[in-house]
Every structure is written in C-alpha cells, then in structure tokens.
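J.: mmCIF, N, CA and C atoms and all ligand atoms, file target-v1.cif:
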```
data_start
loop_
_atom_site.label_atom_id
_atom_site.label_comp_id
_atom_site.auth_asym_id
_atom_site.auth_seq_id
_atom_site.Cartn_x
_atom_site.Cartn_y
_atom_site.Cartn_z
N MET Z 149 117.93 107.97 162.41
CA MET Z 149 117.04 107.68 161.29
C MET Z 149 116.31 108.97 160.90
N PRO Z 150 116.24 109.29 159.61
CA PRO Z 150 115.56 110.52 159.20
C PRO Z 150 114.07 110.52 159.59
N THR Z 151 113.56 111.70 159.83
CA THR Z 151 112.16 111.88 160.19
C THR Z 151 111.44 112.61 159.06
N VAL Z 152 110.23 112.14 158.73
CA VAL Z 152 109.38 112.82 157.75
C VAL Z 152 108.12 113.27 158.47
N HIS Z 153 107.72 114.51 158.20
CA HIS Z 153 106.51 115.07 158.79
C HIS Z 153 105.41 115.08 157.73
N PHE Z 154 104.31 114.42 158.02
CA PHE Z 154 103.17 114.40 157.12
C PHE Z 154 102.05 115.25 157.73
N ASP Z 155 101.47 116.13 156.91
CA ASP Z 155 100.25 116.85 157.31
C ASP Z 155 99.11 116.18 156.54
N SER Z 156 98.27 115.51 157.29
CA SER Z 156 97.14 114.79 156.66
C SER Z 156 95.85 115.29 157.30
N GLY Z 157 95.11 116.08 156.54
CA GLY Z 157 93.86 116.61 157.05
C GLY Z 157 94.04 117.51 158.25
N GLY Z 158 95.17 118.20 158.33
CA GLY Z 158 95.43 119.11 159.44
C GLY Z 158 96.07 118.44 160.64
N ARG Z 159 96.23 117.14 160.60
CA ARG Z 159 96.90 116.43 161.69
C ARG Z 159 98.31 116.06 161.26
N GLU Z 160 99.27 116.26 162.17
CA GLU Z 160 100.65 115.96 161.81
C GLU Z 160 101.04 114.55 162.27
N TYR Z 161 101.71 113.87 161.37
CA TYR Z 161 102.27 112.54 161.67
C TYR Z 161 103.77 112.66 161.49
N GLN Z 162 104.52 112.32 162.51
CA GLN Z 162 105.97 112.39 162.48
C GLN Z 162 106.48 110.96 162.47
N ILE Z 163 107.10 110.57 161.35
CA ILE Z 163 107.47 109.18 161.16
C ILE Z 163 108.98 109.07 160.96
N GLU Z 164 109.61 108.17 161.68
CA GLU Z 164 111.03 107.87 161.44
C GLU Z 164 111.10 106.88 160.30
N VAL Z 165 111.93 107.19 159.31
CA VAL Z 165 111.94 106.43 158.07
C VAL Z 165 113.36 105.94 157.78
N PRO Z 166 113.56 104.64 157.61
CA PRO Z 166 114.89 104.15 157.25
C PRO Z 166 115.35 104.72 155.91
N VAL Z 167 116.63 105.04 155.82
CA VAL Z 167 117.21 105.51 154.55
C VAL Z 167 116.94 104.47 153.47
N GLY Z 168 116.55 104.94 152.29
CA GLY Z 168 116.26 104.05 151.17
C GLY Z 168 114.79 103.74 151.01
N THR Z 169 114.00 104.04 152.03
CA THR Z 169 112.55 103.82 151.97
C THR Z 169 111.90 104.99 151.25
N THR Z 170 110.84 104.72 150.48
CA THR Z 170 110.14 105.83 149.84
C THR Z 170 109.17 106.48 150.82
N VAL Z 171 108.83 107.71 150.52
CA VAL Z 171 107.88 108.44 151.36
C VAL Z 171 106.51 107.75 151.32
N MET Z 172 106.14 107.20 150.17
CA MET Z 172 104.87 106.46 150.08
C MET Z 172 104.88 105.25 151.01
N ARG Z 173 105.94 104.47 150.97
CA ARG Z 173 106.01 103.25 151.79
C ARG Z 173 105.97 103.62 153.28
N ALA Z 174 106.66 104.69 153.64
CA ALA Z 174 106.65 105.13 155.04
C ALA Z 174 105.24 105.49 155.48
N ALA Z 175 104.49 106.17 154.61
CA ALA Z 175 103.13 106.57 154.96
C ALA Z 175 102.21 105.34 155.08
N VAL Z 176 102.27 104.48 154.09
CA VAL Z 176 101.38 103.30 154.09
C VAL Z 176 101.69 102.39 155.28
N ASP Z 177 102.95 102.13 155.52
CA ASP Z 177 103.33 101.21 156.60
C ASP Z 177 103.03 101.76 157.99
N ASN Z 178 102.86 103.08 158.07
CA ASN Z 178 102.60 103.70 159.37
C ASN Z 178 101.18 104.25 159.49
N GLY Z 179 100.32 103.90 158.54
CA GLY Z 179 98.91 104.25 158.64
C GLY Z 179 98.61 105.73 158.51
N VAL Z 180 99.42 106.45 157.74
CA VAL Z 180 99.11 107.87 157.51
C VAL Z 180 97.94 107.94 156.54
N PRO Z 181 96.82 108.55 156.92
CA PRO Z 181 95.65 108.58 156.05
C PRO Z 181 95.87 109.44 154.81
N GLY Z 182 95.32 108.98 153.68
CA GLY Z 182 95.32 109.78 152.46
C GLY Z 182 96.34 109.34 151.43
N ILE Z 183 97.20 108.41 151.77
CA ILE Z 183 98.15 107.86 150.80
C ILE Z 183 97.86 106.37 150.69
N ASP Z 184 97.39 105.96 149.51
CA ASP Z 184 97.01 104.56 149.32
C ASP Z 184 98.13 103.73 148.69
N GLY Z 185 98.83 104.30 147.73
CA GLY Z 185 99.90 103.54 147.07
C GLY Z 185 99.38 102.34 146.31
N ASP Z 186 98.29 102.54 145.56
CA ASP Z 186 97.61 101.42 144.89
C ASP Z 186 98.49 100.64 143.91
N CYS Z 187 99.44 101.31 143.27
CA CYS Z 187 100.27 100.59 142.28
C CYS Z 187 101.56 100.09 142.92
N ASN Z 188 101.66 100.22 144.24
CA ASN Z 188 102.82 99.72 144.97
C ASN Z 188 104.12 100.39 144.55
N GLY Z 189 104.03 101.66 144.19
CA GLY Z 189 105.24 102.42 143.89
C GLY Z 189 105.74 102.33 142.47
N GLU Z 190 104.88 101.89 141.56
CA GLU Z 190 105.29 101.72 140.16
C GLU Z 190 105.03 102.95 139.31
N CYS Z 191 104.71 104.08 139.94
CA CYS Z 191 104.46 105.34 139.22
C CYS Z 191 103.31 105.16 138.23
N GLY Z 192 102.23 104.51 138.70
CA GLY Z 192 101.13 104.24 137.80
C GLY Z 192 99.75 104.58 138.34
N CYS Z 193 99.64 105.24 139.50
CA CYS Z 193 98.29 105.46 140.04
C CYS Z 193 98.04 106.86 140.59
N ALA Z 194 99.05 107.53 141.07
CA ALA Z 194 98.95 108.88 141.67
C ALA Z 194 98.15 108.91 142.98
N THR Z 195 97.94 107.75 143.59
CA THR Z 195 97.26 107.76 144.90
C THR Z 195 98.24 108.08 146.03
N CYS Z 196 99.45 108.44 145.66
CA CYS Z 196 100.46 108.83 146.66
C CYS Z 196 100.84 110.30 146.49
N HIS Z 197 99.97 111.05 145.83
CA HIS Z 197 100.23 112.48 145.57
C HIS Z 197 100.42 113.25 146.88
N VAL Z 198 101.49 114.03 146.95
CA VAL Z 198 101.73 114.91 148.10
C VAL Z 198 102.22 116.27 147.60
N TYR Z 199 102.07 117.27 148.47
CA TYR Z 199 102.69 118.57 148.24
C TYR Z 199 103.93 118.63 149.10
N VAL Z 200 105.07 118.90 148.47
CA VAL Z 200 106.32 119.04 149.21
C VAL Z 200 106.42 120.48 149.72
N ASP Z 201 106.73 120.64 151.00
CA ASP Z 201 106.95 121.98 151.55
C ASP Z 201 107.98 122.69 150.67
N PRO Z 202 107.69 123.91 150.23
CA PRO Z 202 108.61 124.62 149.32
C PRO Z 202 110.05 124.67 149.81
N ALA Z 203 110.26 124.69 151.11
CA ALA Z 203 111.62 124.75 151.64
C ALA Z 203 112.42 123.48 151.32
N TRP Z 204 111.71 122.42 150.95
CA TRP Z 204 112.36 121.13 150.70
C TRP Z 204 112.45 120.77 149.22
N LEU Z 205 111.91 121.60 148.36
CA LEU Z 205 111.85 121.23 146.94
C LEU Z 205 113.23 121.01 146.32
N SER Z 206 114.20 121.82 146.71
CA SER Z 206 115.52 121.65 146.10
C SER Z 206 116.17 120.34 146.51
N LYS Z 207 115.80 119.84 147.68
CA LYS Z 207 116.39 118.58 148.15
C LYS Z 207 115.67 117.34 147.61
N THR Z 208 114.39 117.47 147.30
CA THR Z 208 113.68 116.30 146.76
C THR Z 208 113.97 116.13 145.28
N GLY Z 209 114.48 117.18 144.61
CA GLY Z 209 114.92 117.04 143.23
C GLY Z 209 113.81 117.25 142.21
N GLU Z 210 114.21 117.11 140.95
CA GLU Z 210 113.29 117.29 139.82
C GLU Z 210 112.37 116.08 139.67
N ARG Z 211 111.18 116.34 139.13
CA ARG Z 211 110.26 115.24 138.83
C ARG Z 211 110.68 114.57 137.52
N PRO Z 212 110.85 113.26 137.49
CA PRO Z 212 111.11 112.58 136.21
C PRO Z 212 109.91 112.76 135.28
N SER Z 213 110.12 112.61 133.99
CA SER Z 213 109.05 112.87 133.01
C SER Z 213 107.84 111.97 133.22
N THR Z 214 108.05 110.71 133.58
CA THR Z 214 106.89 109.83 133.79
C THR Z 214 106.05 110.32 134.97
N GLU Z 215 106.70 110.83 135.98
CA GLU Z 215 105.98 111.37 137.14
C GLU Z 215 105.20 112.62 136.73
N LYS Z 216 105.83 113.49 135.94
CA LYS Z 216 105.14 114.70 135.48
C LYS Z 216 103.88 114.35 134.71
N GLN Z 217 104.00 113.36 133.84
CA GLN Z 217 102.84 112.96 133.03
C GLN Z 217 101.71 112.46 133.92
N LEU Z 218 102.04 111.66 134.90
CA LEU Z 218 101.00 111.11 135.77
C LEU Z 218 100.36 112.21 136.62
N LEU Z 219 101.17 113.15 137.07
CA LEU Z 219 100.62 114.25 137.88
C LEU Z 219 99.66 115.12 137.09
N ASN Z 220 99.80 115.12 135.76
CA ASN Z 220 98.84 115.86 134.94
C ASN Z 220 97.43 115.35 135.14
N PHE Z 221 97.29 114.10 135.55
CA PHE Z 221 95.97 113.50 135.75
C PHE Z 221 95.54 113.52 137.22
N ALA Z 222 96.43 113.94 138.09
CA ALA Z 222 96.09 113.99 139.52
C ALA Z 222 95.22 115.21 139.79
N SER Z 223 94.23 115.03 140.65
CA SER Z 223 93.41 116.19 141.01
C SER Z 223 94.21 117.11 141.90
N ALA Z 224 94.03 118.40 141.70
CA ALA Z 224 94.64 119.41 142.57
C ALA Z 224 96.16 119.43 142.52
N ALA Z 225 96.75 119.07 141.38
CA ALA Z 225 98.21 119.12 141.27
C ALA Z 225 98.69 120.57 141.28
N GLU Z 226 99.79 120.79 141.96
CA GLU Z 226 100.40 122.12 142.07
C GLU Z 226 101.86 122.03 141.67
N SER Z 227 102.54 123.17 141.65
CA SER Z 227 103.94 123.18 141.22
C SER Z 227 104.84 122.40 142.18
N ASN Z 228 104.39 122.23 143.43
CA ASN Z 228 105.19 121.47 144.39
C ASN Z 228 104.66 120.04 144.59
N SER Z 229 103.84 119.58 143.65
CA SER Z 229 103.31 118.22 143.74
C SER Z 229 104.39 117.20 143.42
N ARG Z 230 104.37 116.11 144.14
CA ARG Z 230 105.23 114.97 143.85
C ARG Z 230 104.45 113.69 144.13
N LEU Z 231 104.93 112.62 143.53
CA LEU Z 231 104.43 111.30 143.87
C LEU Z 231 105.35 110.77 144.98
N ALA Z 232 104.75 110.45 146.12
CA ALA Z 232 105.56 110.07 147.27
C ALA Z 232 106.36 108.80 147.03
N CYS Z 233 105.91 107.99 146.09
CA CYS Z 233 106.65 106.74 145.81
C CYS Z 233 107.94 107.01 145.04
N GLN Z 234 108.08 108.23 144.54
CA GLN Z 234 109.27 108.56 143.76
C GLN Z 234 110.27 109.37 144.58
N ILE Z 235 109.98 109.58 145.86
CA ILE Z 235 110.93 110.26 146.76
C ILE Z 235 111.50 109.23 147.71
N ARG Z 236 112.78 108.96 147.55
CA ARG Z 236 113.45 107.97 148.40
C ARG Z 236 114.23 108.72 149.48
N ILE Z 237 114.05 108.30 150.71
CA ILE Z 237 114.62 109.02 151.84
C ILE Z 237 116.14 108.82 151.92
N THR Z 238 116.81 109.96 152.09
CA THR Z 238 118.25 110.00 152.36
C THR Z 238 118.46 110.78 153.66
N HIS Z 239 119.66 110.79 154.16
CA HIS Z 239 119.94 111.59 155.36
C HIS Z 239 119.67 113.07 155.09
N ALA Z 240 119.88 113.51 153.85
CA ALA Z 240 119.66 114.93 153.51
C ALA Z 240 118.18 115.30 153.61
N LEU Z 241 117.30 114.31 153.63
CA LEU Z 241 115.86 114.60 153.72
C LEU Z 241 115.34 114.48 155.14
N ASP Z 242 116.23 114.41 156.10
CA ASP Z 242 115.80 114.38 157.51
C ASP Z 242 115.06 115.67 157.84
N GLY Z 243 113.80 115.56 158.24
CA GLY Z 243 112.97 116.72 158.54
C GLY Z 243 112.02 117.10 157.43
N LEU Z 244 112.03 116.35 156.33
CA LEU Z 244 111.15 116.62 155.18
C LEU Z 244 109.70 116.80 155.63
N ARG Z 245 109.05 117.79 155.02
CA ARG Z 245 107.63 118.04 155.31
C ARG Z 245 106.82 117.91 154.02
N VAL Z 246 105.77 117.11 154.09
CA VAL Z 246 104.85 116.97 152.96
C VAL Z 246 103.42 117.09 153.48
N ARG Z 247 102.54 117.54 152.58
CA ARG Z 247 101.12 117.66 152.93
C ARG Z 247 100.31 116.84 151.94
N ILE Z 248 99.33 116.16 152.43
CA ILE Z 248 98.49 115.31 151.58
C ILE Z 248 97.29 116.13 151.12
N PRO Z 249 97.00 116.11 149.81
CA PRO Z 249 95.88 116.92 149.30
C PRO Z 249 94.57 116.56 150.00
N ASP Z 250 93.76 117.59 150.26
CA ASP Z 250 92.47 117.35 150.90
C ASP Z 250 91.61 116.40 150.08
N SER Z 251 91.79 116.42 148.77
CA SER Z 251 90.97 115.55 147.91
C SER Z 251 91.24 114.06 148.13
N GLN Z 252 92.29 113.73 148.83
CA GLN Z 252 92.63 112.32 149.08
C GLN Z 252 92.11 111.82 150.43
N HIS Z 253 91.25 112.62 151.05
CA HIS Z 253 90.68 112.19 152.34
C HIS Z 253 89.25 111.75 152.15
FE1 LIG Z 301 101.21 104.59 142.57
FE2 LIG Z 301 102.95 106.23 143.71
S1 LIG Z 301 102.09 104.46 144.55
S2 LIG Z 301 102.10 106.35 141.71
#
```
Any chance you could put this one into structure tokens?
Ligand code: FES
T.:
Amino acid sequence: MPTVHFDSGGREYQIEVPVGTTVMRAAVDNGVPGIDGDCNGECGCATCHVYVDPAWLSKTGERPSTEKQLLNFASAAESNSRLACQIRITHALDGLRVRIPDSQH
C-alpha cells in the first residue's frame, strides 16, 4: 500500500493509503492535524490546502482550473500548493511528501 508523509506543524505523520483514496481523505481519516476537508472533497473550501514537496510535483500533475481558482483564495498559497482532495493516490505516488501550511494550525 502506498505511503504518504505529512508534515504538520513540524511533526511527521506516515500514513499507508489505499490506492484510489485522496490525500485529504487519508489525512482526515487518520487524524492528521491541519486538514479539515470541510466540503468533503468537492473542491469548494480549500481547508485541505497542502504544499507538495517539489520532488513530487511532476507526479501529482497539473492543477485543474477549478482548483487554481480556489487556491487564489487560500492563505499562503505557493507555486507548489495543491488541494489534497484533488490528489488521488496511485502506486506512482508511494512516498509522496506534503506539508500543511502553518496557517491551518
Ligand atoms: Fe474542500 Fe478539498 S476538501 S477543497
């Protein structure tokens, strides 16, 4: 099962995630602090904002336009910002590293 590494407030959470699960769902279901997922993955709240480790950006893919628009309203958005509900885990993402913005703590 692929593993995702979350950095939340300087603490690392290493979560095994079934293929097909979103990064947001993995965080919420495993109690990773800082990801709320208020809209339940409908790309409507940005409470699942994460920074993708630059080494993984090519594997997580491009941001869809709706995600880009929503990230415009997220605090502290950066070029490697993604909405965790829009990243679905595949075997190619085994080892993915994301960091949760300090503003979400
Ligand atoms: Fe709302 Fe991701 S859970 S945008």
J.: Tell me, counting all atoms listed in the file, for each residue of stretch 226-246 of chain Z within 8 Å of stretch 158-173 of chain Z, which pair of atoms is nearest and how far apart they are in Å to one decimal, in rows ordered by chain and increasing number, as a tab-separated table.
T.:
```
residue	atom	partner	partner_atom	distance
Z:Leu231	C	Z:Met172	N	6.3
Z:Ala232	C	Z:Met172	N	3.5
Z:Cys233	N	Z:Met172	N	4.2
Z:Gln234	N	Z:Met172	N	6.0
Z:Ile235	C	Z:Val171	N	4.2
Z:Arg236	CA	Z:Thr170	CA	4.2
Z:Ile237	C	Z:Gly168	N	3.9
Z:Thr238	N	Z:Gly168	N	5.0
Z:His239	N	Z:Val167	CA	5.8
```
J.: Could you write those residues out with N, CA and C atoms, as a compact mmCIF listing (two decimals), in the frame of the given file?
T.:
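Saved to part_38.txt:
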```txt
# COMPACT_ATOMS: atom_id res chain seq x y z
N LEU Z 231 104.93 112.62 143.53
CA LEU Z 231 104.43 111.30 143.87
C LEU Z 231 105.35 110.77 144.98
N ALA Z 232 104.75 110.45 146.12
CA ALA Z 232 105.56 110.07 147.27
C ALA Z 232 106.36 108.80 147.03
N CYS Z 233 105.91 107.99 146.09
CA CYS Z 233 106.65 106.74 145.81
C CYS Z 233 107.94 107.01 145.04
N GLN Z 234 108.08 108.23 144.54
CA GLN Z 234 109.27 108.56 143.76
C GLN Z 234 110.27 109.37 144.58
N ILE Z 235 109.98 109.58 145.86
CA ILE Z 235 110.93 110.26 146.76
C ILE Z 235 111.50 109.23 147.71
N ARG Z 236 112.78 108.96 147.55
CA ARG Z 236 113.45 107.97 148.40
C ARG Z 236 114.23 108.72 149.48
N ILE Z 237 114.05 108.30 150.71
CA ILE Z 237 114.62 109.02 151.84
C ILE Z 237 116.14 108.82 151.92
N THR Z 238 116.81 109.96 152.09
CA THR Z 238 118.25 110.00 152.36
C THR Z 238 118.46 110.78 153.66
N HIS Z 239 119.66 110.79 154.16
CA HIS Z 239 119.94 111.59 155.36
C HIS Z 239 119.67 113.07 155.09
```
J.: Residues within 6 Å of ligand LIG 301 (chain Z), counting all atoms listed in the file: report them as an MDAnalysis selection string.
T.: chainID Z and resid 184:196 231:234
J.: Where does DSSP see strand (DSSP E) in chain Z, if you list the residues as a list in words?
T.: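 The residues of chain Z classed as strand (DSSP E) are Thr151, Val152, His153, Phe154, Asp155, Ser156, Arg159, Glu160, Tyr161, Gln162, Ile163, Glu164, His197, Val198, Tyr199, Val200, Ser229, Arg230, Leu231, Leu244, Arg245, Val246, Arg247 and Ile248 of chain Z.
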J.: With all atoms listed in the file as the basis for distance, which of Z:Asn228, Z:Ser251, Z:Thr214, Z:Asn178 is at the shortest distance from Z:Pro202?
T.: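 Among Z:Asn228, Z:Ser251, Z:Thr214, Z:Asn178, it is Z:Asn228 that comes nearest to Z:Pro202.
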J.: If we count all atoms listed in the file, what is near Z:Arg247 at a cut-off of 6 Å, once residues fewer than 2 positions away on the same chain are taken out, given as a list in words?
T.: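 Listing them by chain and then by number gives Phe154, Asp155, Ser156, Val198, Tyr199, Val200, Asp201, Arg245 and Pro249 of chain Z.
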J.: Rank Z:Ile183, Z:Val152, Z:Pro212, Z:Leu241 by their smallest atom-to-atom distance to Z:His197, using only C-alpha atoms, and report the top residue only.
T.: Z:Ile183
J.: For each of Z:Pro150, Z:Gly179, Z:Gly157, Z:Gly209, take the minimum atom-to-atom distance to Z:Gly243, counting all atoms listed in the file, then give the residue where this is smallest.
T.: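 Checking each candidate against Z:Gly243, we get Z:Pro150 as the closest.
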J.: Record the distance separating atom C of Z:Asp177 and atom N of Z:Gln217, expressed in Å with one decimal.
T.: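 Taking atom C of Z:Asp177 as the start and atom N of Z:Gln217 as the end point, the length is 26.8 Å.
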J.: May I ask which of the residues Z:Ser229, Z:Leu219, Z:Ala224, Z:Thr151 is the closest one to Z:Asp250, counting only N, CA and C atoms?
T.: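 Between Z:Ser229, Z:Leu219, Z:Ala224, Z:Thr151, the residue approaching Z:Asp250 most closely is Z:Ala224.
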J.: Missing atoms in stretch 173-186 of chain Z should be modelled up to N, CA, C and O atoms and reported as a compact mmCIF listing (two decimals), in the frame of the given file.
T.:
```
# COMPACT_ATOMS: atom_id res chain seq x y z
N ARG Z 173 105.94 104.47 150.97
CA ARG Z 173 106.01 103.25 151.79
C ARG Z 173 105.97 103.62 153.28
O ARG Z 173 105.31 102.96 154.07
N ALA Z 174 106.66 104.69 153.64
CA ALA Z 174 106.65 105.13 155.04
C ALA Z 174 105.24 105.49 155.48
O ALA Z 174 104.82 105.13 156.58
N ALA Z 175 104.49 106.17 154.61
CA ALA Z 175 103.13 106.57 154.96
C ALA Z 175 102.21 105.34 155.08
O ALA Z 175 101.48 105.19 156.07
N VAL Z 176 102.27 104.48 154.09
CA VAL Z 176 101.38 103.30 154.09
C VAL Z 176 101.69 102.39 155.28
O VAL Z 176 100.78 101.95 155.99
N ASP Z 177 102.95 102.13 155.52
CA ASP Z 177 103.33 101.21 156.60
C ASP Z 177 103.03 101.76 157.99
O ASP Z 177 102.96 101.00 158.95
N ASN Z 178 102.86 103.08 158.07
CA ASN Z 178 102.60 103.70 159.37
C ASN Z 178 101.18 104.25 159.49
O ASN Z 178 100.88 104.99 160.43
N GLY Z 179 100.32 103.90 158.54
CA GLY Z 179 98.91 104.25 158.64
C GLY Z 179 98.61 105.73 158.51
O GLY Z 179 97.63 106.21 159.08
N VAL Z 180 99.42 106.45 157.74
CA VAL Z 180 99.11 107.87 157.51
C VAL Z 180 97.94 107.94 156.54
O VAL Z 180 98.03 107.43 155.42
N PRO Z 181 96.82 108.55 156.92
CA PRO Z 181 95.65 108.58 156.05
C PRO Z 181 95.87 109.44 154.81
O PRO Z 181 96.52 110.48 154.88
N GLY Z 182 95.32 108.98 153.68
CA GLY Z 182 95.32 109.78 152.46
C GLY Z 182 96.34 109.34 151.43
O GLY Z 182 96.35 109.87 150.32
N ILE Z 183 97.20 108.41 151.77
CA ILE Z 183 98.15 107.86 150.80
C ILE Z 183 97.86 106.37 150.69
O ILE Z 183 98.05 105.62 151.65
N ASP Z 184 97.39 105.96 149.51
CA ASP Z 184 97.01 104.56 149.32
C ASP Z 184 98.13 103.73 148.69
O ASP Z 184 98.31 102.58 149.04
N GLY Z 185 98.83 104.30 147.73
CA GLY Z 185 99.90 103.54 147.07
C GLY Z 185 99.38 102.34 146.31
O GLY Z 185 99.95 101.25 146.37
N ASP Z 186 98.29 102.54 145.56
CA ASP Z 186 97.61 101.42 144.89
C ASP Z 186 98.49 100.64 143.91
O ASP Z 186 98.29 99.45 143.73
```
